[in-house]
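Student: Dropping the structure in here first, questions after.
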Amino acid sequence: MLLTIDVGNTQTVLGLFDGEEIIEHWRISTDPRRTADELAVLLQGLMGRHPLLGDELGDGIEGICICSTVPSVLHEMREVTRRYYGDVPAILVEPGVKTGVPILMDNPKEVGTDRIINAAAAVELYGGPCVVVDFGTATTFDAVSARGEYVGGVIAPGIEISTEALGVRGAQLRKIEIARPRSVIGKNTVEAMQSGILYGFAGQVDGVVGRMARELADDPDDVTVIATGGLAPLVLGEASVIDEHEPWLTLIGLRLVYERNVARS
């Protein structure tokens with residue numbers, strides 16, 4: 001089985017693949033202070049009780065593929081694979097790794113590996129042209145051409161960042177649960193803030209994606225819009241431009257990259 005790990009700024013998502021099927025997944029907080037040994041213990045705690053895996057760390061794992069937006073965590077993950085999975089083929093996505101996605105950017109090394117991984121998965125699943133909207137720490141919009149090229153994107157503050165900032169900087173405001181309010185017009189402060197977050201971000205998605213689609217294709221209707229990320233379900237029913245929801249897009253992309261670098265080599 002293949003273990004895929006997507007290390008984000010706020011959360012880390014792990015997925016276990018049996019062939020092309022994701023059979024288990026876990027979500028944990030990202031802590032850049034964790035050492036390789038601590039990460040190994042955490043992995044053992046998550047996977048040790050799975051019926052298809054053995055009791056020892058590494059039992060049943062035939063391959064590993066990791067991407068990270070946090071350099072310090074990537075360093076420790078590299079040490080985990082060396083010390084605890086030494087006999088298992090491991091791919092850490094970084095410059096030089098084959099993704100199958102040409103990057104048409106001024107400086108390709110600036111692009112987060114997770115965004116390229118998402119593009120690879122989006123092209124494989126839905127073809128191009130497409131736009132991937134990832135609702136993470138930041139809300140990212142990534143444009144992929146009809147030929148499967150990563151042509152650029154947009155980065156905006158994420159839902160959680162915006163909500164926290166509103167609670168911290170607003171003298172009479174507070175931290176709130178990110179949830180759907182009863183109506184657009186809030187009847188109290190909490191609902192008013194929830195409405196601003198939900199419908200504000202839905203409007204942002206529709207506006208940004210609409211402009212991107214007009215630049216990406218002669219007919220904007222030809223552009224497939226894929227939503228992913230932990231907070232995507234909150235916006236799905238309100239953003240009119242989203243065509244597909246794939247919560248495991250990055251993990252699927254990691255599986256594809258692993259296959260392109262190891263399984264078919």
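Residue numbering restarts at 1 in every chain; chains get A, B, ... in the order shown in the structure tokens, and ligands count up from 1 in that same order.
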Can you pull out the residues contacting region 33-40 of chain A? Cut-off 8 Å, using only C-alpha atoms, and skip same-chain residues under 3 positions away; I want them as a PDB file with N, CA, C and O atoms, in the first residue's frame.
Tutor:
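around-v8.pdb, written as the output of this step:
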ATOM      1  N   LEU A  43       2.784   8.688  13.528  1.00  0.00           N
ATOM      2  CA  LEU A  43       2.384   7.814  12.427  1.00  0.00           C
ATOM      3  C   LEU A  43       2.031   6.421  12.931  1.00  0.00           C
ATOM      4  O   LEU A  43       1.049   5.814  12.485  1.00  0.00           O
ATOM      5  N   GLN A  44       2.832   5.921  13.846  1.00  0.00           N
ATOM      6  CA  GLN A  44       2.560   4.605  14.406  1.00  0.00           C
ATOM      7  C   GLN A  44       1.225   4.585  15.144  1.00  0.00           C
ATOM      8  O   GLN A  44       0.449   3.631  15.048  1.00  0.00           O
ATOM      9  N   LEU A  57       6.018  -0.204  12.785  1.00  0.00           N
ATOM     10  CA  LEU A  57       6.010   0.931  11.865  1.00  0.00           C
ATOM     11  C   LEU A  57       6.595   0.512  10.517  1.00  0.00           C
ATOM     12  O   LEU A  57       7.689  -0.029  10.449  1.00  0.00           O
ATOM     13  N   VAL A  73       9.215  20.979   8.288  1.00  0.00           N
ATOM     14  CA  VAL A  73       8.530  19.687   8.399  1.00  0.00           C
ATOM     15  C   VAL A  73       9.005  18.740   7.296  1.00  0.00           C
ATOM     16  O   VAL A  73       9.176  17.539   7.531  1.00  0.00           O
ATOM     17  N   GLU A  76      12.142  17.100   8.462  1.00  0.00           N
ATOM     18  CA  GLU A  76      11.924  16.035   9.442  1.00  0.00           C
ATOM     19  C   GLU A  76      11.255  14.825   8.799  1.00  0.00           C
ATOM     20  O   GLU A  76      11.545  13.678   9.168  1.00  0.00           O
ATOM     21  N   MET A  77      10.379  15.047   7.835  1.00  0.00           N
ATOM     22  CA  MET A  77       9.761  13.931   7.124  1.00  0.00           C
ATOM     23  C   MET A  77      10.803  13.144   6.339  1.00  0.00           C
ATOM     24  O   MET A  77      10.744  11.912   6.249  1.00  0.00           O
ATOM     25  N   GLU A  79      13.810  12.714   7.271  1.00  0.00           N
ATOM     26  CA  GLU A  79      14.490  11.905   8.270  1.00  0.00           C
ATOM     27  C   GLU A  79      13.629  10.713   8.699  1.00  0.00           C
ATOM     28  O   GLU A  79      14.151   9.613   8.940  1.00  0.00           O
ATOM     29  N   VAL A  80      12.320  10.917   8.765  1.00  0.00           N
ATOM     30  CA  VAL A  80      11.421   9.802   9.097  1.00  0.00           C
ATOM     31  C   VAL A  80      11.542   8.685   8.064  1.00  0.00           C
ATOM     32  O   VAL A  80      11.653   7.503   8.413  1.00  0.00           O
ATOM     33  N   TYR A  84      12.991   5.269   9.565  1.00  0.00           N
ATOM     34  CA  TYR A  84      11.938   4.329   9.922  1.00  0.00           C
ATOM     35  C   TYR A  84      11.345   3.586   8.721  1.00  0.00           C
ATOM     36  O   TYR A  84      10.641   2.589   8.907  1.00  0.00           O
TER      37      TYR A  84
END
Student: Where does DSSP see alpha helix (DSSP H) in region 20-216 of chain A, if you list the residues as JSON, numbers by chain?
Tutor: {"A": [36, 37, 38, 39, 40, 41, 42, 43, 44, 45, 46, 47, 71, 72, 73, 74, 75, 76, 77, 78, 79, 80, 81, 82, 83, 84, 113, 114, 115, 116, 117, 118, 119, 120, 121, 122, 123, 124, 125, 126, 159, 160, 161, 162, 163, 164, 165, 166, 167, 168, 169, 189, 190, 191, 192, 193, 194, 195, 196, 197, 198, 199, 200, 201, 202, 203, 204, 205, 206, 207, 208, 209, 210, 211, 212, 213, 214, 215, 216]}
Student: Once you count only C-alpha atoms, what closest atom pair and distance in Å to one decimal does each residue of region 136-184 of chain A within 7 Å of region 90-104 of chain A have, with rows by chain and rising residue number, as CSV?
Tutor:
residue,atom,partner,partner_atom,distance
A:Gly148,CA,A:Val101,CA,6.4
A:Glu149,CA,A:Pro102,CA,4.9
A:Tyr150,CA,A:Ile103,CA,4.8
A:Val151,CA,A:Leu104,CA,4.9
Student: Generate the output file for the selected residues, N, CA, C and O atoms, as an mmCIF file, in the first residue's frame.
Tutor:
data_model
loop_
_atom_site.group_PDB
_atom_site.id
_atom_site.type_symbol
_atom_site.label_atom_id
_atom_site.label_comp_id
_atom_site.auth_asym_id
_atom_site.auth_seq_id
_atom_site.Cartn_x
_atom_site.Cartn_y
_atom_site.Cartn_z
ATOM 1 N N GLY A 148 -2.634 20.844 -20.184
ATOM 2 C CA GLY A 148 -2.167 20.333 -18.903
ATOM 3 C C GLY A 148 -1.032 21.119 -18.298
ATOM 4 O O GLY A 148 -0.347 20.623 -17.399
ATOM 5 N N GLU A 149 -0.855 22.365 -18.730
ATOM 6 C CA GLU A 149 0.221 23.208 -18.207
ATOM 7 C C GLU A 149 -0.290 24.050 -17.044
ATOM 8 O O GLU A 149 -1.412 24.563 -17.088
ATOM 9 N N TYR A 150 0.549 24.195 -16.028
ATOM 10 C CA TYR A 150 0.232 25.104 -14.928
ATOM 11 C C TYR A 150 0.616 26.502 -15.383
ATOM 12 O O TYR A 150 1.794 26.803 -15.579
ATOM 13 N N VAL A 151 -0.395 27.374 -15.556
ATOM 14 C CA VAL A 151 -0.112 28.677 -16.160
ATOM 15 C C VAL A 151 -0.113 29.828 -15.152
ATOM 16 O O VAL A 151 0.273 30.937 -15.486
#
Student: In terms of the shortest atom-to-atom distance over only C-alpha atoms, which of A:Ile178, A:Thr140, A:Ser145, A:Gly253 is closest to Ala217 (chain A)?
Tutor: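 Of all the options, A:Ser145 lies closest to Ala217 (chain A).
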Student: Give me, please, the distance in Å between CA of Asp219 (chain A) and CA of Phe141 (chain A), quoted to one decimal.
Tutor: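 One can read the CA of Asp219 (chain A) to CA of Phe141 (chain A) distance as 18.7 Å.
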Student: Could you pull the residues within 12 Å of Asp87 (chain A), counting only C-alpha atoms, minus those fewer than 2 positions along the same chain, as a PyMOL selection string?
Tutor: chain A and resi 57-64+80-85+89-90
Student: Can you list, as a list in words, every protein, DNA or RNA residue that comes within 6 Å of region 152-160 of chain A when you count only C-alpha atoms, leaving out same-chain residues fewer than 3 positions away?
Tutor: Thr137, Ala138, Thr139, Thr140, Phe141, Asp142, Ala143 and Thr163 of chain A
Student: Among region 14-257 of chain A, which residues carry a DSSP assignment of strand (DSSP E), reported as a ChimeraX atom specification?
Tutor: /A:14-18,21-29,63-68,90-92,130-135,138-144,150-157,224-228,244-245
Student: Would you work out the distance separating CA of Ala232 (chain A) from CA of Leu125 (chain A), expressed in Å to one decimal?
Tutor: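 One can read the CA of Ala232 (chain A) to CA of Leu125 (chain A) distance as 18.2 Å.
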Student: Rounded to one decimal in Å, what is the spacing between CA of Val144 (chain A) and CA of Arg27 (chain A)?
Tutor: 27.2 Å
Student: Residues of region 178-212 of chain A that have any atom at most 10 Å from an atom of region 223-228 of chain A: could you tabulate them with the shortest-distance atom pair and the distance in Å to one decimal, using only C-alpha atoms, ordered by chain and increasing number, as a tab-separated table?
Tutor:
residue	atom	partner	partner_atom	distance
A:Val209	CA	A:Val225	CA	8.0
A:Gly210	CA	A:Val223	CA	9.7
A:Met212	CA	A:Val223	CA	9.3
Student: Would you list the contacts of Leu251 (chain A) as a ChimeraX atom specification, taking every protein, DNA or RNA residue within 7 Å and counting only C-alpha atoms, but skipping same-chain residues closer than 6 positions in sequence?
Tutor: /A:4,6,15
Student: Got time to write the residues from that selection, N, CA, C and O atoms, as a PDB file, in the first residue's frame?
Tutor:
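New file selection-v3.pdb:
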ATOM      1  N   THR A   4       0.436   8.433   1.455  1.00  0.00           N
ATOM      2  CA  THR A   4       0.614   9.782   0.918  1.00  0.00           C
ATOM      3  C   THR A   4       0.422  10.788   2.051  1.00  0.00           C
ATOM      4  O   THR A   4      -0.470  10.633   2.886  1.00  0.00           O
ATOM      5  N   ASP A   6       0.288  15.001   2.822  1.00  0.00           N
ATOM      6  CA  ASP A   6       0.217  16.388   2.352  1.00  0.00           C
ATOM      7  C   ASP A   6       0.351  17.295   3.569  1.00  0.00           C
ATOM      8  O   ASP A   6      -0.579  17.424   4.369  1.00  0.00           O
ATOM      9  N   GLY A  15      -3.130   9.916   3.598  1.00  0.00           N
ATOM     10  CA  GLY A  15      -4.026   8.994   2.926  1.00  0.00           C
ATOM     11  C   GLY A  15      -3.328   7.684   2.631  1.00  0.00           C
ATOM     12  O   GLY A  15      -2.141   7.662   2.297  1.00  0.00           O
TER      13      GLY A  15
END
Student: Which residues are close to region 190-206 of chain A, i.e. within 9 Å by only C-alpha atoms, leaving aside same-chain residues fewer than 5 positions away? Reply as a JSON list (two decimals) with C-alpha atoms, in the first residue's frame.
Tutor:
[["chain", "number", "residue", "atom", "x", "y", "z"],
["A", 133, "VAL", "CA", -9.82, 26.20, -5.84],
["A", 141, "PHE", "CA", -6.87, 29.42, -7.37],
["A", 158, "GLY", "CA", -8.12, 31.81, 3.72],
["A", 159, "ILE", "CA", -11.45, 31.52, 5.50],
["A", 162, "SER", "CA", -9.97, 36.05, 7.76],
["A", 163, "THR", "CA", -12.27, 34.94, 10.57],
["A", 166, "LEU", "CA", -11.86, 39.86, 12.18],
["A", 173, "LEU", "CA", -16.22, 41.45, 17.54],
["A", 174, "ARG", "CA", -15.07, 38.01, 18.64],
["A", 175, "LYS", "CA", -13.94, 34.66, 17.39],
["A", 176, "ILE", "CA", -16.82, 32.67, 15.96],
["A", 177, "GLU", "CA", -17.59, 29.22, 14.66],
["A", 178, "ILE", "CA", -17.34, 29.04, 10.89],
["A", 179, "ALA", "CA", -20.85, 27.88, 10.05],
["A", 180, "ARG", "CA", -23.82, 28.67, 7.83],
["A", 181, "PRO", "CA", -26.09, 31.39, 9.33],
["A", 182, "ARG", "CA", -29.89, 31.23, 9.28],
["A", 183, "SER", "CA", -30.08, 33.91, 6.61],
["A", 184, "VAL", "CA", -27.91, 36.32, 4.68],
["A", 185, "ILE", "CA", -29.11, 39.21, 6.82],
["A", 211, "ARG", "CA", -12.14, 36.31, -14.56],
["A", 234, "LEU", "CA", -18.89, 25.27, 3.51],
["A", 235, "VAL", "CA", -18.83, 27.17, 0.21],
["A", 236, "LEU", "CA", -19.99, 24.48, -2.22],
["A", 237, "GLY", "CA", -23.66, 25.28, -2.06],
["A", 238, "GLU", "CA", -23.13, 29.02, -2.47],
["A", 239, "ALA", "CA", -20.45, 29.42, -5.15],
["A", 240, "SER", "CA", -22.15, 28.92, -8.50],
["A", 241, "VAL", "CA", -19.02, 28.29, -10.57],
["A", 242, "ILE", "CA", -17.84, 25.08, -8.86]]
